[in-house]
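Content type mmCIF, C-alpha atoms, from the file entry27.cif:
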data_work
#
loop_
_atom_site.label_atom_id
_atom_site.label_comp_id
_atom_site.auth_asym_id
_atom_site.auth_seq_id
_atom_site.Cartn_x
_atom_site.Cartn_y
_atom_site.Cartn_z
CA MET A 1 180.91 -86.11 2.30
CA GLU A 2 179.84 -85.05 -1.20
CA ASN A 3 177.75 -87.32 -3.41
CA GLY A 4 180.80 -88.26 -5.48
CA GLY A 5 182.61 -89.35 -2.31
CA TYR A 6 179.73 -91.59 -1.27
CA GLY A 7 179.72 -93.18 -4.71
CA LYS A 8 183.43 -93.94 -4.58
CA LEU A 9 183.12 -95.34 -1.05
CA LEU A 10 180.27 -97.60 -2.12
CA VAL A 11 182.28 -98.93 -5.07
CA MET A 12 185.24 -99.62 -2.78
CA VAL A 13 183.09 -101.51 -0.26
CA MET A 14 181.50 -103.59 -3.02
CA ALA A 15 184.92 -104.33 -4.47
CA VAL A 16 186.25 -105.66 -1.16
CA PHE A 17 183.11 -107.74 -0.66
CA ALA A 18 183.26 -109.12 -4.21
CA ILE A 19 186.91 -110.12 -3.94
CA ALA A 20 186.44 -111.70 -0.53
CA PHE A 21 183.22 -113.56 -1.23
CA GLY A 22 182.82 -113.51 -5.01
CA SER A 23 183.62 -117.12 -5.82
CA VAL A 24 181.39 -118.51 -3.06
CA SER A 25 178.48 -116.19 -3.77
CA CYS A 26 178.70 -116.84 -7.53
CA GLN A 27 178.11 -120.51 -6.87
CA MET A 28 175.24 -119.75 -4.47
CA MET A 29 173.45 -117.21 -6.67
CA ARG A 30 174.19 -118.54 -10.15
CA HIS A 31 171.27 -118.19 -12.52
CA GLN A 32 169.37 -121.46 -12.85
CA PRO A 33 168.13 -122.37 -16.34
CA MET A 34 164.44 -121.91 -17.03
CA SER A 35 162.43 -124.99 -17.81
CA ALA A 36 160.86 -125.37 -21.25
CA ALA A 37 157.44 -124.95 -19.63
CA GLU A 38 158.47 -121.66 -18.01
CA MET A 39 159.85 -120.39 -21.33
CA ASP A 40 156.57 -121.27 -23.01
CA ARG A 41 154.56 -119.55 -20.28
CA ARG A 42 156.60 -116.36 -20.46
CA SER A 43 156.54 -116.34 -24.26
CA VAL A 44 152.75 -116.65 -24.38
CA ALA A 45 152.33 -113.95 -21.72
CA LEU A 46 154.63 -111.54 -23.57
CA GLU A 47 152.88 -112.25 -26.87
CA SER A 48 149.57 -111.38 -25.19
CA ALA A 49 151.04 -108.14 -23.81
CA LEU A 50 152.31 -107.13 -27.25
CA LEU A 51 148.93 -107.82 -28.83
CA GLY A 52 147.33 -105.66 -26.14
CA LEU A 53 149.30 -102.55 -27.09
CA ARG A 54 147.38 -99.57 -28.42
CA GLY A 55 146.93 -99.68 -32.20
CA VAL A 56 147.73 -103.38 -32.60
CA ASP A 57 145.28 -105.50 -34.63
CA ALA A 58 145.20 -108.49 -32.30
CA ALA A 59 142.67 -110.28 -34.52
CA SER A 60 145.12 -110.48 -37.41
CA GLU A 61 146.89 -113.84 -37.74
CA VAL A 62 149.90 -112.15 -39.32
CA VAL A 63 150.24 -109.65 -36.46
CA SER A 64 149.75 -112.42 -33.91
CA ALA A 65 152.46 -114.52 -35.55
CA GLU A 66 154.88 -111.58 -35.47
CA ALA A 67 154.10 -110.90 -31.80
CA ALA A 68 154.71 -114.57 -31.04
CA LEU A 69 158.05 -114.46 -32.84
CA ILE A 70 159.21 -111.36 -30.96
CA ALA A 71 158.10 -112.81 -27.64
CA ARG A 72 159.87 -116.09 -28.21
CA VAL A 73 163.13 -114.41 -29.25
CA CYS A 74 163.06 -112.09 -26.23
CA VAL A 75 162.45 -114.89 -23.74
CA VAL A 76 164.78 -117.49 -25.26
CA GLU A 77 167.65 -115.11 -26.00
CA GLY A 78 167.48 -113.38 -22.63
CA GLU A 79 167.95 -116.79 -21.06
CA ALA A 80 170.68 -117.74 -23.54
CA PHE A 81 172.67 -114.59 -22.77
CA ALA A 82 172.49 -115.21 -19.02
CA GLN A 83 173.67 -118.78 -19.45
CA LYS A 84 176.47 -117.88 -21.86
CA TYR A 85 177.93 -115.23 -19.55
CA GLN A 86 177.19 -117.07 -16.28
CA ALA A 87 174.87 -114.44 -14.83
CA VAL A 88 174.28 -114.41 -11.10
CA ARG A 89 171.41 -113.05 -9.06
CA PRO A 90 170.55 -110.39 -8.11
CA SER A 91 171.35 -108.42 -11.23
CA TRP A 92 173.02 -105.54 -9.36
CA TRP A 93 175.50 -108.06 -7.94
CA ASN A 94 176.23 -109.29 -11.43
CA ASN A 95 176.92 -105.66 -12.39
CA CYS A 96 179.49 -105.47 -9.59
CA LEU A 97 181.25 -108.55 -10.94
CA VAL A 98 181.30 -107.10 -14.46
CA ASN A 99 182.63 -103.73 -13.28
CA LEU A 100 185.36 -105.49 -11.32
CA GLY A 101 186.37 -107.56 -14.35
CA ILE A 102 185.29 -110.88 -12.78
CA HIS A 103 182.55 -111.31 -15.39
CA GLU A 104 182.89 -110.15 -18.98
CA TRP A 105 179.29 -109.24 -19.81
CA GLY A 106 175.98 -108.71 -18.04
CA LEU A 107 175.21 -105.00 -17.68
CA CYS A 108 171.76 -103.85 -18.79
CA TRP A 109 173.07 -102.33 -22.02
CA HIS A 110 174.85 -105.59 -22.83
CA TYR A 111 171.46 -107.35 -22.73
CA GLN A 112 169.94 -104.49 -24.74
CA HIS A 113 172.49 -104.70 -27.54
CA TYR A 114 172.39 -108.49 -27.61
CA LEU A 115 168.60 -108.63 -27.78
CA TYR A 116 168.49 -105.96 -30.47
CA ALA A 117 170.94 -108.04 -32.52
CA GLN A 118 168.84 -111.18 -32.10
CA LEU A 119 165.71 -109.39 -33.34
CA TYR A 120 167.52 -107.59 -36.18
CA PRO A 121 167.48 -110.48 -38.73
CA HIS A 122 163.69 -110.79 -38.53
CA PRO A 123 161.84 -108.58 -41.06
CA LEU A 124 159.21 -107.07 -38.76
CA ARG A 125 156.28 -105.31 -40.42
CA HIS A 126 153.92 -104.57 -37.55
CA PHE A 127 156.33 -103.83 -34.68
CA LYS A 128 159.55 -101.82 -34.48
CA VAL A 129 162.48 -102.38 -32.13
CA HIS A 130 163.69 -99.24 -30.35
CA CYS A 131 166.46 -98.57 -27.84
CA GLY A 132 165.16 -96.92 -24.70
CA GLY A 133 166.61 -95.65 -21.45
CA ARG A 134 165.66 -94.09 -18.15
CA ASP A 135 167.48 -92.10 -15.45
CA LYS A 136 170.16 -91.23 -17.96
CA GLY A 137 173.43 -90.18 -16.38
CA ARG A 138 172.42 -91.22 -12.85
CA LYS A 139 175.04 -93.61 -11.53
CA PHE A 140 173.58 -96.87 -10.15
CA HIS A 141 170.14 -95.87 -11.56
CA GLU A 142 170.50 -95.59 -15.34
CA HIS A 143 168.82 -98.45 -17.15
CA ASN A 144 168.73 -99.44 -20.83
CA CYS A 145 166.47 -101.91 -22.66
CA VAL A 146 164.92 -102.58 -26.03
CA VAL A 147 161.39 -101.25 -26.44
CA ILE A 148 158.91 -102.85 -28.84
CA VAL A 149 156.60 -100.28 -30.42
CA PRO A 150 153.68 -100.89 -32.81
CA VAL A 151 154.42 -99.56 -36.30
CA GLY A 152 152.71 -96.19 -36.62
CA GLY A 153 152.50 -95.78 -32.86
CA GLU A 154 154.32 -93.46 -30.48
CA PHE A 155 157.31 -94.58 -28.43
CA HIS A 156 155.26 -94.44 -25.23
CA ASP A 157 152.74 -96.86 -26.76
CA GLY A 158 155.49 -99.50 -26.61
CA LEU A 159 156.58 -102.17 -24.17
CA VAL A 160 159.95 -102.21 -22.39
CA ILE A 161 161.59 -105.66 -22.63
CA ASP A 162 163.95 -106.28 -19.72
CA PRO A 163 165.97 -109.52 -19.48
CA TRP A 164 168.53 -107.88 -17.13
CA LYS A 165 166.48 -107.22 -14.00
CA GLU A 166 165.88 -110.89 -13.22
CA SER A 167 169.24 -112.07 -14.65
CA GLY A 168 168.01 -113.61 -17.88
CA ARG A 169 164.33 -114.12 -17.07
CA THR A 170 162.71 -111.64 -19.43
CA ILE A 171 160.11 -109.31 -17.95
CA TRP A 172 158.24 -106.40 -19.55
CA PHE A 173 156.42 -103.25 -18.51
CA ALA A 174 155.05 -99.95 -19.78
CA THR A 175 157.31 -97.05 -20.76
CA ARG A 176 155.65 -94.93 -18.05
CA GLY A 177 154.71 -95.87 -14.51
CA GLU A 178 156.37 -97.35 -11.44
CA ASP A 179 159.32 -98.57 -13.52
CA GLY A 180 160.19 -95.00 -14.55
CA ASP A 181 159.61 -92.72 -17.49
CA TRP A 182 161.52 -94.11 -20.46
CA ILE A 183 162.90 -92.09 -23.36
CA ASP A 184 163.56 -93.12 -26.94
CA GLU A 185 167.23 -93.23 -27.97
CA PRO A 186 167.24 -93.58 -31.77
CA HIS A 187 170.97 -92.81 -31.96
CA TRP A 188 171.70 -96.15 -30.28
CA ALA A 189 169.37 -98.02 -32.62
CA ASP A 190 171.04 -96.31 -35.60
CA TRP A 191 174.49 -97.22 -34.26
CA LEU A 192 173.49 -100.85 -33.76
CA ASP A 193 171.97 -100.99 -37.25
CA ARG A 194 175.27 -99.81 -38.72
CA GLN A 195 177.25 -102.38 -36.73
CA LEU A 196 174.92 -105.20 -37.71
CA GLU A 197 174.88 -104.22 -41.37
CA THR A 198 178.66 -104.67 -41.57
CA ASP A 199 178.71 -108.06 -39.80
#

Can I see the file as structure tokens?
Amino acid sequence: MENGGYGKLLVMVMAVFAIAFGSVSCQMMRHQPMSAAEMDRRSVALESALLGLRGVDAASEVVSAEAALIARVCVVEGEAFAQKYQAVRPSWWNNCLVNLGIHEWGLCWHYQHYLYAQLYPHPLRHFKVHCGGRDKGRKFHEHNCVVIVPVGGEFHDGLVIDPWKESGRTIWFATRGEDGDWIDEPHWADWLDRQLETD
């Protein structure tokens, strides 16, 4: 069987499983809200990671405040999106439910666009929000996230922000390494800017 045939077969099997067991499994695997303490812990850890990026003046109070703002938005809004659209775990299962029309939102690019929109109103001076992707065009592998890059730095100096992988619990990692080699996609950032400017 060709690769396309295997892909179609896999989708069919997942569809049958989702229809048969979707309502039960949704209740069992529904995303549980993070506690305020966990949000604080993740926010502080992400702030520290942003301040550790190459070229960032971590000693500056202004830069530190901006990093704290970005971190808080990413953690709080990743959680808010998951709650609003009733995300389930694991994230690939949530993708199945979205693709079958059982859930409305919850794919990785949904999180990406939402998070970009939440950061858009904040006038950032020391960091820039990019759209990044990896494994482009590979079905079941392609992934999209926002990437926070220090102003004046290269894209690969940035940090990938991923609220999708753990269904609303924001994680982060380097643009190169075990989580893949990410590429900058400025056309998506430009498109989002145009959409947000007209809202």

Starting from the shown file, work through the PyMOL selection byres ((chain A and resi 117-132) around 10) and note down what comes out as a VMD selection string.
chain A and resid 50 56 to 57 62 to 64 66 to 67 69 to 70 73 to 74 77 to 78 109 111 to 116 133 to 134 143 to 153 155 158 to 161 175 182 to 190 192 to 193 195 to 197

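One finds CA of Arg138 in chain A at 16.2 Å from CA of Cys96 in chain A.
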
Which residues match the PyMOL selection byres ((chain A and resi 103-108) around 9) in the file above, as JSON, numbers by chain?
{"A": [81, 82, 85, 86, 87, 91, 92, 94, 95, 96, 97, 98, 99, 100, 101, 102, 109, 110, 111, 112, 113, 143, 144, 145, 162, 163, 164, 165, 167]}

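Across A:Gly137, A:Glu79, A:Ala68, A:Trp172, the tightest approach to Val44 in chain A is made by A:Ala68 when counting only C-alpha atoms.
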
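Closest approach to Glu47 in chain A among A:Glu178, A:Trp191, A:Arg72, A:Thr170: A:Arg72, based on only C-alpha atoms.
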
Atom-to-atom span, CA of Val76 in chain A and CA of Arg89 in chain A, Å
18.1 Å

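Interatomic distance, CA of Ala37 in chain A against CA of Val75 in chain A: 12.0 Å.
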
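With distances restricted to all atoms listed in the file, A:Asp179 is the closest residue to Asp135 in chain A from A:Asp179, A:Gly168, A:Ala59, A:Glu154.
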
Nearest to Gly55 in chain A: which of A:Asp199, A:Ala174, A:Gln83, A:Asp157 is it, counting all atoms listed in the file?
A:Asp157

Given only C-alpha atoms as the basis, pick out the residue of A:Ala80, A:Arg194, A:Ala71, A:Lys136 nearest to Met34 in chain A.
A:Ala80

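Candidate residues A:Gly180, A:Met29, A:Arg169, A:Ser60 were compared for distance to Pro90 in chain A, and the nearest is A:Met29, using all atoms listed in the file.
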
Rebuild range 126-159 of chain A so that it carries N, CA and C atoms, then output the result as an mmCIF file, in the coordinates of the input.
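The resulting file, selection_34.cif, is shown below:
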data_model
loop_
_atom_site.group_PDB
_atom_site.id
_atom_site.type_symbol
_atom_site.label_atom_id
_atom_site.label_comp_id
_atom_site.auth_asym_id
_atom_site.auth_seq_id
_atom_site.Cartn_x
_atom_site.Cartn_y
_atom_site.Cartn_z
ATOM 1 N N HIS A 126 154.979 -105.141 -38.395
ATOM 2 C CA HIS A 126 153.920 -104.570 -37.550
ATOM 3 C C HIS A 126 154.441 -104.034 -36.217
ATOM 4 N N PHE A 127 155.690 -104.343 -35.899
ATOM 5 C CA PHE A 127 156.330 -103.830 -34.680
ATOM 6 C C PHE A 127 157.716 -103.316 -35.043
ATOM 7 N N LYS A 128 158.207 -102.365 -34.264
ATOM 8 C CA LYS A 128 159.550 -101.820 -34.480
ATOM 9 C C LYS A 128 160.339 -101.908 -33.177
ATOM 10 N N VAL A 129 161.613 -102.260 -33.305
ATOM 11 C CA VAL A 129 162.480 -102.380 -32.130
ATOM 12 C C VAL A 129 163.199 -101.052 -31.910
ATOM 13 N N HIS A 130 163.031 -100.483 -30.731
ATOM 14 C CA HIS A 130 163.690 -99.240 -30.350
ATOM 15 C C HIS A 130 164.696 -99.527 -29.237
ATOM 16 N N CYS A 131 165.607 -98.588 -29.041
ATOM 17 C CA CYS A 131 166.460 -98.570 -27.840
ATOM 18 C C CYS A 131 165.913 -97.498 -26.912
ATOM 19 N N GLY A 132 165.700 -97.870 -25.667
ATOM 20 C CA GLY A 132 165.160 -96.920 -24.700
ATOM 21 C C GLY A 132 165.996 -96.885 -23.440
ATOM 22 N N GLY A 133 165.870 -95.785 -22.706
ATOM 23 C CA GLY A 133 166.610 -95.650 -21.450
ATOM 24 C C GLY A 133 165.831 -94.821 -20.450
ATOM 25 N N ARG A 134 166.249 -94.929 -19.192
ATOM 26 C CA ARG A 134 165.660 -94.090 -18.150
ATOM 27 C C ARG A 134 166.768 -93.692 -17.176
ATOM 28 N N ASP A 135 166.512 -92.608 -16.445
ATOM 29 C CA ASP A 135 167.480 -92.100 -15.450
ATOM 30 C C ASP A 135 168.859 -91.927 -16.075
ATOM 31 N N LYS A 136 168.906 -91.352 -17.237
ATOM 32 C CA LYS A 136 170.160 -91.230 -17.960
ATOM 33 C C LYS A 136 171.162 -90.372 -17.191
ATOM 34 N N GLY A 137 172.366 -90.897 -17.070
ATOM 35 C CA GLY A 137 173.430 -90.180 -16.380
ATOM 36 C C GLY A 137 173.446 -90.337 -14.880
ATOM 37 N N ARG A 138 172.462 -91.025 -14.308
ATOM 38 C CA ARG A 138 172.420 -91.220 -12.850
ATOM 39 C C ARG A 138 173.126 -92.538 -12.509
ATOM 40 N N LYS A 139 174.254 -92.425 -11.870
ATOM 41 C CA LYS A 139 175.040 -93.610 -11.530
ATOM 42 C C LYS A 139 174.227 -94.522 -10.617
ATOM 43 N N PHE A 140 174.292 -95.821 -10.884
ATOM 44 C CA PHE A 140 173.580 -96.870 -10.150
ATOM 45 C C PHE A 140 172.065 -96.852 -10.413
ATOM 46 N N HIS A 141 171.575 -95.937 -11.266
ATOM 47 C CA HIS A 141 170.140 -95.870 -11.560
ATOM 48 C C HIS A 141 169.842 -96.015 -13.045
ATOM 49 N N GLU A 142 170.765 -95.544 -13.900
ATOM 50 C CA GLU A 142 170.500 -95.590 -15.340
ATOM 51 C C GLU A 142 170.210 -97.014 -15.787
ATOM 52 N N HIS A 143 169.217 -97.124 -16.672
ATOM 53 C CA HIS A 143 168.820 -98.450 -17.150
ATOM 54 C C HIS A 143 168.515 -98.365 -18.642
ATOM 55 N N ASN A 144 168.893 -99.416 -19.384
ATOM 56 C CA ASN A 144 168.730 -99.440 -20.830
ATOM 57 C C ASN A 144 168.126 -100.773 -21.268
ATOM 58 N N CYS A 145 167.151 -100.702 -22.157
ATOM 59 C CA CYS A 145 166.470 -101.910 -22.660
ATOM 60 C C CYS A 145 166.030 -101.675 -24.101
ATOM 61 N N VAL A 146 165.644 -102.751 -24.767
ATOM 62 C CA VAL A 146 164.920 -102.580 -26.030
ATOM 63 C C VAL A 146 163.462 -102.298 -25.699
ATOM 64 N N VAL A 147 162.814 -101.581 -26.584
ATOM 65 C CA VAL A 147 161.390 -101.250 -26.440
ATOM 66 C C VAL A 147 160.707 -101.641 -27.744
ATOM 67 N N ILE A 148 159.660 -102.429 -27.654
ATOM 68 C CA ILE A 148 158.910 -102.850 -28.840
ATOM 69 C C ILE A 148 157.708 -101.932 -29.005
ATOM 70 N N VAL A 149 157.634 -101.277 -30.161
ATOM 71 C CA VAL A 149 156.600 -100.280 -30.420
ATOM 72 C C VAL A 149 155.797 -100.683 -31.657
ATOM 73 N N PRO A 150 154.469 -100.600 -31.605
ATOM 74 C CA PRO A 150 153.680 -100.890 -32.810
ATOM 75 C C PRO A 150 154.026 -99.923 -33.937
ATOM 76 N N VAL A 151 154.148 -100.420 -35.155
ATOM 77 C CA VAL A 151 154.420 -99.560 -36.300
ATOM 78 C C VAL A 151 153.299 -98.527 -36.423
ATOM 79 N N GLY A 152 153.689 -97.267 -36.535
ATOM 80 C CA GLY A 152 152.710 -96.190 -36.620
ATOM 81 C C GLY A 152 152.354 -95.611 -35.268
ATOM 82 N N GLY A 153 152.806 -96.260 -34.193
ATOM 83 C CA GLY A 153 152.500 -95.780 -32.860
ATOM 84 C C GLY A 153 153.602 -94.894 -32.307
ATOM 85 N N GLU A 154 153.331 -94.285 -31.163
ATOM 86 C CA GLU A 154 154.320 -93.460 -30.480
ATOM 87 C C GLU A 154 155.200 -94.345 -29.601
ATOM 88 N N PHE A 155 156.386 -93.828 -29.275
ATOM 89 C CA PHE A 155 157.310 -94.580 -28.430
ATOM 90 C C PHE A 155 156.644 -95.012 -27.130
ATOM 91 N N HIS A 156 155.872 -94.118 -26.527
ATOM 92 C CA HIS A 156 155.260 -94.440 -25.230
ATOM 93 C C HIS A 156 154.068 -95.386 -25.347
ATOM 94 N N ASP A 157 153.727 -95.780 -26.577
ATOM 95 C CA ASP A 157 152.740 -96.860 -26.760
ATOM 96 C C ASP A 157 153.408 -98.228 -26.639
ATOM 97 N N GLY A 158 154.736 -98.242 -26.554
ATOM 98 C CA GLY A 158 155.490 -99.500 -26.610
ATOM 99 C C GLY A 158 155.624 -100.203 -25.269
ATOM 100 N N LEU A 159 156.372 -101.293 -25.329
ATOM 101 C CA LEU A 159 156.580 -102.170 -24.170
ATOM 102 C C LEU A 159 158.081 -102.332 -23.954
#
